>>> print(open('start_16.txt').read())   # compact mmCIF, C-alpha atoms
# COMPACT_ATOMS: atom_id res chain seq x y z
CA MET A 1 0.00 0.00 0.00
CA GLU A 2 1.16 3.52 -0.71
CA ALA A 3 1.54 5.94 2.21
CA VAL A 4 -1.08 8.28 0.70
CA GLU A 5 -3.61 5.45 0.55
CA VAL A 6 -2.90 4.46 4.15
CA LEU A 7 -3.29 8.02 5.40
CA ASN A 8 -6.56 8.35 3.48
CA ILE A 9 -7.97 5.20 5.17
CA ILE A 10 -6.81 6.34 8.60
CA SER A 11 -8.37 9.78 8.10
CA ARG A 12 -11.82 8.15 7.73
CA GLY A 13 -11.57 6.50 11.16
CA GLU A 14 -12.32 2.98 12.36
CA ASP A 15 -15.13 0.89 10.91
CA SER A 16 -16.01 -2.79 10.53
CA LYS A 17 -13.13 -3.34 8.08
CA HIS A 18 -10.42 -1.08 9.59
CA GLN A 19 -9.16 -1.23 13.19
CA PHE A 20 -6.44 0.88 14.86
CA LYS A 21 -4.07 -0.33 17.58
CA LYS A 22 -1.28 1.70 19.20
CA GLU A 23 0.53 -1.56 19.84
CA ILE A 24 -0.32 -5.20 20.26
CA SER A 25 1.84 -7.82 21.96
CA ASN A 26 -0.69 -10.16 23.57
CA PRO A 27 -1.23 -13.31 21.46
CA GLU A 28 -4.79 -13.85 22.75
CA LYS A 29 -5.88 -10.31 21.90
CA LEU A 30 -4.33 -10.49 18.45
CA ALA A 31 -6.00 -13.87 17.81
CA SER A 32 -9.41 -12.47 18.73
CA GLU A 33 -8.96 -9.56 16.29
CA LEU A 34 -7.88 -11.84 13.44
CA VAL A 35 -10.69 -14.32 14.12
CA ALA A 36 -13.31 -11.53 14.14
CA PHE A 37 -12.15 -10.24 10.76
CA SER A 38 -12.02 -13.76 9.26
CA ASN A 39 -15.53 -14.60 10.47
CA THR A 40 -17.01 -11.43 9.06
CA LEU A 41 -15.86 -9.95 5.75
CA GLY A 42 -12.13 -9.59 6.33
CA GLY A 43 -10.37 -6.31 7.07
CA GLN A 44 -7.19 -4.55 8.07
CA LEU A 45 -5.53 -3.97 11.43
CA PHE A 46 -3.33 -0.84 11.56
CA VAL A 47 -0.77 -1.22 14.35
CA GLY A 48 1.10 1.90 15.44
CA VAL A 49 -2.00 4.07 15.11
CA ASN A 50 -3.93 5.56 18.05
CA ASP A 51 -7.69 5.23 18.34
CA ASP A 52 -8.13 8.85 17.23
CA GLY A 53 -6.14 8.24 14.05
CA THR A 54 -2.92 9.93 15.09
CA ILE A 55 0.27 8.04 14.32
CA ALA A 56 2.03 6.57 17.36
CA GLY A 57 4.66 4.77 15.32
CA LEU A 58 6.66 1.62 16.04
CA THR A 59 10.37 1.00 16.43
CA SER A 60 12.15 -1.36 14.06
CA GLU A 61 12.42 -3.90 16.88
CA GLU A 62 8.69 -3.64 17.62
CA VAL A 63 7.94 -4.18 13.94
CA ARG A 64 10.13 -7.28 13.86
CA LYS A 65 8.48 -8.76 16.97
CA LEU A 66 5.00 -7.96 15.69
CA ASN A 67 5.58 -9.71 12.37
CA GLN A 68 6.80 -12.79 14.21
CA LEU A 69 3.81 -12.64 16.56
CA VAL A 70 1.38 -12.43 13.63
CA SER A 71 2.98 -15.46 12.01
CA ASN A 72 2.79 -17.51 15.21
CA VAL A 73 -0.75 -16.50 16.13
CA SER A 74 -2.27 -17.01 12.68
CA SER A 75 -0.87 -20.53 12.43
CA GLN A 76 -0.92 -21.75 16.05
CA CYS A 77 -3.62 -19.84 17.99
CA ILE A 78 -6.48 -19.91 15.48
CA ASN A 79 -8.48 -22.92 14.34
CA PRO A 80 -8.47 -23.44 11.43
CA SER A 81 -5.31 -21.46 10.77
CA ILE A 82 -5.52 -18.41 8.52
CA ASN A 83 -3.19 -16.73 6.05
CA VAL A 84 -2.66 -13.03 6.67
CA GLU A 85 -0.41 -10.46 5.05
CA THR A 86 1.68 -7.87 6.87
CA GLU A 87 3.13 -4.74 5.35
CA ASN A 88 5.57 -2.34 7.04
CA ILE A 89 4.79 1.20 5.92
CA GLN A 90 6.85 4.29 6.65
CA LEU A 91 4.67 7.35 7.14
CA PRO A 92 5.91 10.89 7.75
CA SER A 93 4.95 10.54 11.43
CA GLY A 94 6.34 7.08 12.00
CA LEU A 95 6.53 3.42 11.02
CA ILE A 96 3.36 1.29 11.17
CA VAL A 97 2.35 -2.27 10.27
CA VAL A 98 -0.79 -3.03 8.27
CA ILE A 99 -2.16 -6.56 8.83
CA THR A 100 -4.57 -7.63 6.09
CA VAL A 101 -6.98 -10.43 6.97
CA PRO A 102 -9.01 -12.05 4.17
CA ASP A 103 -12.65 -12.99 4.44
CA GLY A 104 -12.39 -16.57 5.68
CA ILE A 105 -13.36 -19.48 3.46
CA SER A 106 -13.45 -22.06 6.28
CA LYS A 107 -15.72 -20.37 8.82
CA PRO A 108 -16.27 -20.44 11.68
CA TYR A 109 -12.80 -19.55 12.95
CA MET A 110 -12.07 -19.84 16.67
CA ASP A 111 -9.32 -18.80 19.02
CA LYS A 112 -7.42 -21.43 21.01
CA ASP A 113 -10.17 -21.40 23.66
CA GLY A 114 -12.82 -22.27 21.09
CA ILE A 115 -14.40 -18.80 21.11
CA ILE A 116 -15.96 -17.54 17.88
CA TRP A 117 -15.41 -13.80 17.47
CA VAL A 118 -17.28 -11.57 14.99
CA LYS A 119 -17.15 -7.90 14.07
CA THR A 120 -19.83 -5.45 15.16
CA GLY A 121 -19.09 -2.09 13.61
CA SER A 122 -15.55 -1.12 14.56
CA ASP A 123 -15.60 -3.42 17.60
CA LYS A 124 -15.72 -7.18 18.03
CA ARG A 125 -17.75 -9.51 20.22
CA LYS A 126 -18.24 -13.17 20.99
CA ALA A 127 -20.82 -15.03 18.92
CA THR A 128 -22.96 -16.51 21.65
CA SER A 129 -26.51 -17.03 20.39
CA ARG A 130 -27.45 -20.34 18.83
CA GLU A 131 -29.01 -18.59 15.81
CA GLU A 132 -25.91 -16.52 15.11
CA ILE A 133 -23.58 -19.51 15.22
CA GLN A 134 -26.01 -21.42 13.00
CA ARG A 135 -25.91 -18.60 10.45
CA ILE A 136 -22.10 -18.73 10.34
CA PHE A 137 -22.29 -22.45 9.53
CA GLN A 138 -25.08 -21.70 7.08
CA ARG A 139 -22.97 -19.18 5.16
CA GLN A 140 -20.38 -21.90 4.65
CA GLY A 141 -22.95 -24.37 3.37
CA LEU A 142 -22.29 -26.67 6.33
CA ILE A 143 -25.92 -26.60 7.46
CA HIS A 144 -29.17 -25.29 5.99
CA ALA A 145 -32.02 -23.84 8.01
CA ASP A 146 -34.69 -25.70 6.05
CA GLU A 147 -33.30 -29.09 7.16
CA THR A 148 -33.51 -28.19 10.86
CA GLU A 149 -35.91 -30.32 12.89
CA VAL A 150 -38.99 -28.72 14.45
CA LYS A 151 -39.57 -30.42 17.78
CA GLY A 152 -43.28 -31.00 18.30
CA LEU A 153 -44.23 -31.30 14.63
CA SER A 154 -44.44 -34.85 13.24
CA PHE A 155 -45.63 -36.43 10.01
CA SER A 156 -49.16 -36.36 11.48
CA ASP A 157 -49.06 -32.57 11.09
CA ILE A 158 -48.83 -32.87 7.29
CA ASP A 159 -51.83 -31.76 5.21
CA LEU A 160 -52.16 -35.19 3.65
CA GLU A 161 -54.48 -34.39 0.75
CA TYR A 162 -52.37 -31.39 -0.22
CA PHE A 163 -49.22 -33.50 -0.02
CA LYS A 164 -50.78 -36.27 -2.12
CA ASP A 165 -51.65 -33.79 -4.84
CA PHE A 166 -48.09 -32.38 -4.77
CA PHE A 167 -46.57 -35.87 -4.80
CA TYR A 168 -48.47 -36.81 -7.94
CA ARG A 169 -47.47 -33.59 -9.73
CA GLN A 170 -43.86 -33.98 -8.64
CA TYR A 171 -43.35 -37.68 -9.38
CA GLY A 172 -46.18 -38.69 -11.73
CA TYR A 173 -47.75 -41.45 -9.61
CA ASP A 174 -50.00 -41.68 -6.57
CA LEU A 175 -48.60 -41.64 -3.06
CA ASP A 176 -50.86 -44.60 -2.20
CA ASN A 177 -49.30 -46.68 -4.99
CA GLN A 178 -45.81 -46.75 -3.53
CA PRO A 179 -44.73 -49.21 -0.79
CA ASN A 180 -43.29 -46.91 1.87
CA PRO A 181 -45.23 -45.46 4.81
CA LEU A 182 -45.69 -41.69 4.87
CA GLU A 183 -43.00 -41.21 7.53
CA LYS A 184 -40.40 -42.95 5.34
CA VAL A 185 -41.47 -40.99 2.25
CA LEU A 186 -40.97 -37.72 4.12
CA GLU A 187 -37.54 -38.82 5.32
CA ASN A 188 -36.51 -39.84 1.81
CA MET A 189 -37.55 -36.39 0.56
CA ASN A 190 -35.53 -34.69 3.34
CA LEU A 191 -38.69 -33.27 4.85
CA SER A 192 -38.38 -35.00 8.23
CA HIS A 193 -35.82 -36.69 10.47
CA ASP A 194 -36.13 -38.84 13.58
CA GLY A 195 -39.92 -38.53 13.57
CA TYR A 196 -39.99 -34.72 13.43
CA LEU A 197 -40.73 -32.50 10.46
CA ASP A 198 -37.91 -30.32 9.23
CA ILE A 199 -38.60 -26.65 8.61
CA ALA A 200 -38.93 -27.49 4.90
CA GLY A 201 -41.60 -30.12 5.57
CA ALA A 202 -43.47 -27.85 7.97
CA VAL A 203 -43.34 -24.80 5.72
CA LEU A 204 -44.29 -26.61 2.52
CA PHE A 205 -46.91 -29.08 3.78
CA GLY A 206 -47.82 -28.43 7.44
CA LYS A 207 -51.49 -28.05 8.35
CA ASP A 208 -51.01 -25.45 11.08
CA ILE A 209 -47.45 -24.56 12.06
CA SER A 210 -47.97 -21.06 13.46
CA TYR A 211 -48.16 -22.28 17.06
CA LYS A 212 -44.67 -23.82 16.73
CA LEU A 213 -43.15 -21.39 14.22
CA PRO A 214 -45.02 -18.12 14.82
CA HIS A 215 -42.50 -16.03 12.85
CA LEU A 216 -43.02 -17.94 9.60
CA ILE A 217 -45.81 -15.66 8.41
CA VAL A 218 -46.10 -12.51 6.32
CA LYS A 219 -47.20 -9.32 8.05
CA ALA A 220 -49.05 -7.35 5.39
CA VAL A 221 -50.10 -3.71 5.77
CA ALA A 222 -51.72 -1.41 3.19
CA PHE A 223 -51.05 2.21 4.17
CA LYS A 224 -53.18 5.15 3.07
CA GLY A 225 -50.31 7.27 1.83
CA LYS A 226 -46.57 7.21 1.25
CA GLU A 227 -45.48 6.92 4.90
CA GLU A 228 -45.45 4.05 7.38
CA THR A 229 -47.72 4.85 10.34
CA ASP A 230 -49.29 2.91 13.20
CA SER A 231 -52.83 4.15 12.63
CA GLU A 232 -53.24 5.41 9.05
CA TYR A 233 -53.73 2.20 7.09
CA LYS A 234 -56.38 0.60 4.88
CA ASP A 235 -55.83 -2.99 5.90
CA LYS A 236 -53.55 -5.04 8.13
CA ARG A 237 -53.27 -8.82 8.16
CA GLU A 238 -51.12 -11.73 9.24
CA LEU A 239 -50.88 -14.15 6.32
CA LYS A 240 -50.48 -17.72 7.56
CA GLY A 241 -50.51 -21.27 6.29
CA LYS A 242 -48.39 -23.35 3.96
CA LEU A 243 -45.89 -21.66 1.68
CA GLY A 244 -48.25 -21.91 -1.30
CA ASP A 245 -51.12 -20.42 0.72
CA ILE A 246 -49.01 -17.53 1.99
CA PHE A 247 -47.80 -16.88 -1.55
CA GLN A 248 -51.33 -16.62 -2.94
CA GLN A 249 -52.51 -14.45 -0.03
CA SER A 250 -49.50 -12.12 -0.38
CA VAL A 251 -49.91 -11.63 -4.13
CA SER A 252 -53.64 -11.02 -3.76
CA PHE A 253 -53.08 -8.52 -0.94
CA ALA A 254 -50.50 -6.58 -2.97
CA LEU A 255 -52.69 -6.50 -6.07
CA ASP A 256 -55.77 -5.47 -4.12
CA TYR A 257 -54.12 -2.42 -2.62
CA CYS A 258 -51.50 -1.30 -5.13
CA GLU A 259 -52.41 1.63 -7.38
CA HIS A 260 -54.47 0.91 -10.49
CA GLN A 261 -54.88 2.90 -13.68
CA GLN A 262 -57.47 2.87 -16.43
CA GLY A 263 -56.61 0.72 -19.43
CA LYS A 264 -55.98 2.37 -22.78
CA GLN A 265 -58.99 0.79 -24.49
CA ASP A 266 -62.19 2.58 -23.50
CA PHE A 267 -63.80 4.14 -20.46
CA ASN A 268 -65.48 0.90 -19.41
CA SER A 269 -62.33 -1.23 -19.58
CA ASN A 270 -60.97 -2.75 -16.38
CA SER A 271 -58.30 -0.81 -14.52
CA MET A 272 -54.84 -2.36 -14.44
CA PRO A 273 -52.36 -2.45 -11.53
CA THR A 274 -49.41 -0.11 -12.02
CA ILE A 275 -47.16 -3.02 -11.02
CA PRO A 276 -47.62 -6.16 -13.16
CA ARG A 277 -48.83 -9.27 -11.38
CA GLN A 278 -45.86 -11.34 -12.58
CA VAL A 279 -43.42 -8.89 -10.98
CA ILE A 280 -45.16 -9.22 -7.62
CA GLU A 281 -45.27 -13.01 -7.98
CA GLU A 282 -41.57 -13.26 -8.78
CA LEU A 283 -40.49 -11.09 -5.85
CA VAL A 284 -42.88 -12.61 -3.29
CA ALA A 285 -41.76 -16.11 -4.30
CA ASN A 286 -38.13 -15.03 -4.01
CA ALA A 287 -38.74 -13.72 -0.48
CA LEU A 288 -40.51 -16.88 0.68
CA VAL A 289 -37.97 -19.31 -0.78
CA HIS A 290 -34.77 -17.42 0.05
CA ARG A 291 -35.50 -15.82 3.44
CA ASP A 292 -33.19 -16.81 6.29
CA TYR A 293 -35.22 -19.31 8.31
CA PHE A 294 -32.73 -19.11 11.18
CA VAL A 295 -33.79 -15.50 11.83
CA PRO A 296 -36.85 -15.39 14.13
CA ALA A 297 -38.55 -12.55 12.23
CA THR A 298 -41.46 -12.26 9.82
CA ILE A 299 -41.51 -11.23 6.18
CA LYS A 300 -43.13 -7.81 5.84
CA LEU A 301 -45.27 -6.77 2.88
CA PHE A 302 -46.04 -3.04 2.88
CA VAL A 303 -48.23 -1.42 0.23
CA PHE A 304 -48.02 2.37 -0.07
CA SER A 305 -49.68 4.72 -2.51
CA ASP A 306 -46.48 4.98 -4.57
CA ARG A 307 -44.73 1.63 -3.98
CA ILE A 308 -44.69 -1.89 -2.57
CA GLU A 309 -42.00 -2.99 -0.11
CA ILE A 310 -41.06 -6.61 0.61
CA ILE A 311 -38.69 -7.02 3.56
CA SER A 312 -37.13 -10.45 4.13
CA PRO A 313 -35.18 -11.65 7.20
CA GLY A 314 -31.54 -12.23 6.33
CA HIS A 315 -29.16 -10.30 4.10
CA LEU A 316 -27.79 -11.81 0.89
CA PRO A 317 -25.78 -14.97 1.69
CA ASN A 318 -22.00 -15.21 1.48
CA ASN A 319 -20.45 -12.57 -0.79
CA LEU A 320 -23.45 -12.34 -3.09
CA THR A 321 -24.17 -8.74 -4.12
CA ILE A 322 -27.14 -6.92 -5.58
CA GLU A 323 -25.32 -6.67 -8.91
CA ASN A 324 -24.83 -10.46 -8.79
CA ILE A 325 -28.53 -11.20 -8.39
CA LYS A 326 -29.45 -8.67 -11.08
CA SER A 327 -27.17 -10.66 -13.39
CA GLY A 328 -28.86 -13.96 -12.51
CA ASN A 329 -26.36 -15.28 -9.96
CA SER A 330 -27.73 -16.98 -6.87
CA VAL A 331 -26.74 -18.92 -3.76
CA CYS A 332 -29.30 -21.43 -2.54
CA ARG A 333 -29.84 -20.80 1.15
CA ASN A 334 -32.74 -23.29 1.47
CA PRO A 335 -32.06 -26.09 -1.04
CA ILE A 336 -34.88 -28.41 0.06
CA ILE A 337 -37.54 -25.72 -0.13
CA ALA A 338 -36.11 -24.47 -3.42
CA SER A 339 -36.09 -27.96 -4.95
CA PHE A 340 -39.86 -28.37 -4.43
CA ALA A 341 -40.95 -24.74 -4.83
CA SER A 342 -41.12 -24.95 -8.62
CA THR A 343 -44.04 -27.38 -8.30
CA LEU A 344 -45.89 -25.15 -5.81
CA LEU A 345 -45.00 -21.61 -6.93
CA PRO A 346 -44.09 -19.75 -10.12
CA TYR A 347 -40.45 -20.26 -9.23
CA SER A 348 -37.80 -21.73 -11.53
CA GLY A 349 -34.91 -22.07 -9.07
CA ILE A 350 -32.30 -21.05 -11.64
CA GLY A 351 -31.73 -17.46 -10.52
CA THR A 352 -33.76 -15.77 -13.25
CA GLY A 353 -36.68 -14.43 -11.19
CA ILE A 354 -35.11 -11.07 -10.34
CA ARG A 355 -33.99 -10.60 -13.93
CA ARG A 356 -37.51 -11.28 -15.20
CA ALA A 357 -39.00 -8.85 -12.69
CA ILE A 358 -36.57 -6.09 -13.72
CA LYS A 359 -37.26 -6.73 -17.40
CA LEU A 360 -41.01 -6.35 -16.83
CA HIS A 361 -40.75 -3.39 -14.46
CA SER A 362 -37.55 -1.35 -14.33
CA HIS A 363 -38.36 0.76 -11.26
CA ILE A 364 -37.23 -1.71 -8.58
CA ASP A 365 -34.71 -0.94 -5.83
CA PHE A 366 -32.82 -3.50 -3.77
CA ILE A 367 -31.18 -2.93 -0.38
CA ASP A 368 -28.92 -5.56 1.18
CA ASP A 369 -28.82 -4.42 4.83
CA ARG A 370 -26.05 -6.48 6.44
CA ASP A 371 -26.13 -4.57 9.73
CA GLY A 372 -29.90 -4.99 10.06
CA ASN A 373 -29.69 -8.55 8.65
CA LEU A 374 -32.49 -8.05 6.13
CA PHE A 375 -33.08 -7.72 2.40
CA LYS A 376 -35.52 -5.11 1.12
CA VAL A 377 -37.15 -4.82 -2.30
CA THR A 378 -39.01 -1.64 -3.25
CA ILE A 379 -41.24 -1.78 -6.35
CA TRP A 380 -42.23 1.70 -7.46
CA ASN A 381 -45.46 2.49 -9.28
CA GLU A 382 -45.14 3.36 -12.96
>>> encode(input="start_16.txt", output="structure tokens")
Amino acid sequence: MEAVEVLNIISRGEDSKHQFKKEISNPEKLASELVAFSNTLGGQLFVGVNDDGTIAGLTSEEVRKLNQLVSNVSSQCINPSINVETENIQLPSGLIVVITVPDGISKPYMDKDGIIWVKTGSDKRKATSREEIQRIFQRQGLIHADETEVKGLSFSDIDLEYFKDFFYRQYGYDLDNQPNPLEKVLENMNLSHDGYLDIAGAVLFGKDISYKLPHLIVKAVAFKGKEETDSEYKDKRELKGKLGDIFQQSVSFALDYCEHQQGKQDFNSNSMPTIPRQVIEELVANALVHRDYFVPATIKLFVFSDRIEIISPGHLPNNLTIENIKSGNSVCRNPIIASFASTLLPYSGIGTGIRRAIKLHSHIDFIDDRDGNLFKVTIWNE
């Protein structure tokens, strides 16, 4: 790095990717910093820099010891070990060391005591909640939320007639004409394990799962104007049921309350929604299939006079970006749900839904809120 570039970064202060340390000689503290960066999105540690951004500087001997410490800690005090780069940079005010930590590819990383550290803004903290640790494993593809067992929901909670109809459409023959009992069929389809339904089985085919999974609903609100308020709304509902039911209810709700305009034919022609039905279908299906089922929060569907907002729990997985998904790239967060969704929803599972929506309706904004752990789609009226 050039000195000018380093000074420019330092002038902007600390954030989730840049941390300042006057000095660091404790192996445990250094390990926790490196682990936090590796478990998040990577970053840089500037040693020889005060918290306020002024240059403290290091002696040549301190630089030598620090480089040796980094080498030892990254290989011996972190599991799995990580590869970091160090660079000694001479600034006008003194010598500093920049430690560059890549975004880890073998998460979760732990210090020698087995503690998983993550970044929170410019600071770090221990990952302690079950859901947070699950999401770290999820980002690495080591586990998937939709294959998690739901204690208290068994194969007897399946809507059997609905499942029979799906089974025939999916496989081309009747469920009753195959030799296995229902419990074994569900296990073979990765919809249940050890007698309990997985989230996929419950979400796709459960009769009534809201008492066990109360957050797996859509909260829909149609507001009177352009602002979100607690009292000024036309309608407010909690959309419950199986994934297919929630999909149909959500699309109908959005179409009922989005703005309509008169068709171009004649005065008596039916009014048309300003947002095409297929656009709403594509984006609602995307939210239901790709939401983070580890996050105990609901999907929100807000209809305003000038737009529709769909807010899903969970930011884009891994290093996927908004530009990636606009180009048709995708990472399957819920592979079991996705594999069966094409039979139940207008969903292809090949990453083309967002592209189709944009092609039909160009005024769509996407926000990947990593701090708030949500993904927001805003569809503007045309």
>>> closest_residue(input="start_16.txt", among="A:Ile133, A:Leu197, A:Ile275, A:Leu344", to="Asp245 (chain A)", atoms="only C-alpha atoms")
A:Leu344
>>> atom_distance(input="start_16.txt", atom1="CA of Ser231 (chain A)", atom2="CA of Lys219 (chain A)")
15.3 Å
>>> atom_distance(input="start_16.txt", atom1="CA of Leu58 (chain A)", atom2="CA of Ala3 (chain A)")
15.4 Å
>>> residues_around(input="start_16.txt", residues="region 372-374 of chain A", least_positions_apart="3", cutoff="10 Å", atoms="all atoms listed in the file", output="PyMOL selection string")
chain A and resi 291-292+295+297+299+311-316+367-369
>>> atom_distance(input="start_16.txt", atom1="CA of Asp51 (chain A)", atom2="CA of Ile136 (chain A)")
29.1 Å
>>> closest_residue(input="start_16.txt", among="A:Leu186, A:Ile158, A:Val4, A:Val279", to="Val203 (chain A)", atoms="only C-alpha atoms")
A:Ile158
>>> residues_around(input="start_16.txt", residues="region 246-254 of chain A", least_positions_apart="4", cutoff="10 Å", atoms="only C-alpha atoms", output="PyMOL selection string")
chain A and resi 203+216-222+235-242+258-259+273+275+277-285+287-288+300-304+308-309+344-346
>>> write_last_selection(input="start_16.txt", atoms="C-alpha atoms", output="PDB file, in the frame of the given file")
ATOM      1  CA  VAL A 203     -43.340 -24.800   5.720  1.00  0.00           C
ATOM      2  CA  LEU A 216     -43.020 -17.940   9.600  1.00  0.00           C
ATOM      3  CA  ILE A 217     -45.810 -15.660   8.410  1.00  0.00           C
ATOM      4  CA  VAL A 218     -46.100 -12.510   6.320  1.00  0.00           C
ATOM      5  CA  LYS A 219     -47.200  -9.320   8.050  1.00  0.00           C
ATOM      6  CA  ALA A 220     -49.050  -7.350   5.390  1.00  0.00           C
ATOM      7  CA  VAL A 221     -50.100  -3.710   5.770  1.00  0.00           C
ATOM      8  CA  ALA A 222     -51.720  -1.410   3.190  1.00  0.00           C
ATOM      9  CA  ASP A 235     -55.830  -2.990   5.900  1.00  0.00           C
ATOM     10  CA  LYS A 236     -53.550  -5.040   8.130  1.00  0.00           C
ATOM     11  CA  ARG A 237     -53.270  -8.820   8.160  1.00  0.00           C
ATOM     12  CA  GLU A 238     -51.120 -11.730   9.240  1.00  0.00           C
ATOM     13  CA  LEU A 239     -50.880 -14.150   6.320  1.00  0.00           C
ATOM     14  CA  LYS A 240     -50.480 -17.720   7.560  1.00  0.00           C
ATOM     15  CA  GLY A 241     -50.510 -21.270   6.290  1.00  0.00           C
ATOM     16  CA  LYS A 242     -48.390 -23.350   3.960  1.00  0.00           C
ATOM     17  CA  CYS A 258     -51.500  -1.300  -5.130  1.00  0.00           C
ATOM     18  CA  GLU A 259     -52.410   1.630  -7.380  1.00  0.00           C
ATOM     19  CA  PRO A 273     -52.360  -2.450 -11.530  1.00  0.00           C
ATOM     20  CA  ILE A 275     -47.160  -3.020 -11.020  1.00  0.00           C
ATOM     21  CA  ARG A 277     -48.830  -9.270 -11.380  1.00  0.00           C
ATOM     22  CA  GLN A 278     -45.860 -11.340 -12.580  1.00  0.00           C
ATOM     23  CA  VAL A 279     -43.420  -8.890 -10.980  1.00  0.00           C
ATOM     24  CA  ILE A 280     -45.160  -9.220  -7.620  1.00  0.00           C
ATOM     25  CA  GLU A 281     -45.270 -13.010  -7.980  1.00  0.00           C
ATOM     26  CA  GLU A 282     -41.570 -13.260  -8.780  1.00  0.00           C
ATOM     27  CA  LEU A 283     -40.490 -11.090  -5.850  1.00  0.00           C
ATOM     28  CA  VAL A 284     -42.880 -12.610  -3.290  1.00  0.00           C
ATOM     29  CA  ALA A 285     -41.760 -16.110  -4.300  1.00  0.00           C
ATOM     30  CA  ALA A 287     -38.740 -13.720  -0.480  1.00  0.00           C
ATOM     31  CA  LEU A 288     -40.510 -16.880   0.680  1.00  0.00           C
ATOM     32  CA  LYS A 300     -43.130  -7.810   5.840  1.00  0.00           C
ATOM     33  CA  LEU A 301     -45.270  -6.770   2.880  1.00  0.00           C
ATOM     34  CA  PHE A 302     -46.040  -3.040   2.880  1.00  0.00           C
ATOM     35  CA  VAL A 303     -48.230  -1.420   0.230  1.00  0.00           C
ATOM     36  CA  PHE A 304     -48.020   2.370  -0.070  1.00  0.00           C
ATOM     37  CA  ILE A 308     -44.690  -1.890  -2.570  1.00  0.00           C
ATOM     38  CA  GLU A 309     -42.000  -2.990  -0.110  1.00  0.00           C
ATOM     39  CA  LEU A 344     -45.890 -25.150  -5.810  1.00  0.00           C
ATOM     40  CA  LEU A 345     -45.000 -21.610  -6.930  1.00  0.00           C
ATOM     41  CA  PRO A 346     -44.090 -19.750 -10.120  1.00  0.00           C
TER      42      PRO A 346
END
>>> residues_around(input="start_16.txt", residues="Ile55 (chain A)", least_positions_apart="2", cutoff="10 Å", atoms="only C-alpha atoms", output="PDB file with C-alpha atoms, in the frame of the given file")
ATOM      1  CA  LEU A   7      -3.290   8.020   5.400  1.00  0.00           C
ATOM      2  CA  ILE A  10      -6.810   6.340   8.600  1.00  0.00           C
ATOM      3  CA  PHE A  20      -6.440   0.880  14.860  1.00  0.00           C
ATOM      4  CA  LYS A  21      -4.070  -0.330  17.580  1.00  0.00           C
ATOM      5  CA  LYS A  22      -1.280   1.700  19.200  1.00  0.00           C
ATOM      6  CA  PHE A  46      -3.330  -0.840  11.560  1.00  0.00           C
ATOM      7  CA  VAL A  47      -0.770  -1.220  14.350  1.00  0.00           C
ATOM      8  CA  GLY A  48       1.100   1.900  15.440  1.00  0.00           C
ATOM      9  CA  VAL A  49      -2.000   4.070  15.110  1.00  0.00           C
ATOM     10  CA  ASN A  50      -3.930   5.560  18.050  1.00  0.00           C
ATOM     11  CA  ASP A  51      -7.690   5.230  18.340  1.00  0.00           C
ATOM     12  CA  ASP A  52      -8.130   8.850  17.230  1.00  0.00           C
ATOM     13  CA  GLY A  53      -6.140   8.240  14.050  1.00  0.00           C
ATOM     14  CA  GLY A  57       4.660   4.770  15.320  1.00  0.00           C
ATOM     15  CA  LEU A  58       6.660   1.620  16.040  1.00  0.00           C
ATOM     16  CA  LEU A  91       4.670   7.350   7.140  1.00  0.00           C
ATOM     17  CA  PRO A  92       5.910  10.890   7.750  1.00  0.00           C
ATOM     18  CA  SER A  93       4.950  10.540  11.430  1.00  0.00           C
ATOM     19  CA  GLY A  94       6.340   7.080  12.000  1.00  0.00           C
ATOM     20  CA  LEU A  95       6.530   3.420  11.020  1.00  0.00           C
ATOM     21  CA  ILE A  96       3.360   1.290  11.170  1.00  0.00           C
TER      22      ILE A  96
END
>>> residues_near_point(input="start_16.txt", point="(-49.7, -32.2, 9.9)", cutoff="12 Å", atoms="all atoms listed in the file", output="ChimeraX atom specification")
/A:152-163,182-183,186,192,196-198,201-210,212,241-242
>>> closest_residue(input="start_16.txt", among="A:Asp230, A:Glu85, A:Glu2, A:Leu255", to="Asn67 (chain A)", atoms="only C-alpha atoms")
A:Glu85
>>> closest_residue(input="start_16.txt", among="A:Gly328, A:Pro335, A:Gly172, A:Gly42", to="Leu191 (chain A)", atoms="all atoms listed in the file")
A:Pro335
>>> residues_around(input="start_16.txt", residues="Ser81 (chain A)", least_positions_apart="2", cutoff="12 Å", atoms="only C-alpha atoms", output="number ranges by chain")
A: 31, 34-35, 38, 70-79, 83-84, 101, 104-112
>>> closest_residue(input="start_16.txt", among="A:Val6, A:Val98, A:Gln44, A:Phe167", to="Val185 (chain A)", atoms="only C-alpha atoms")
A:Phe167
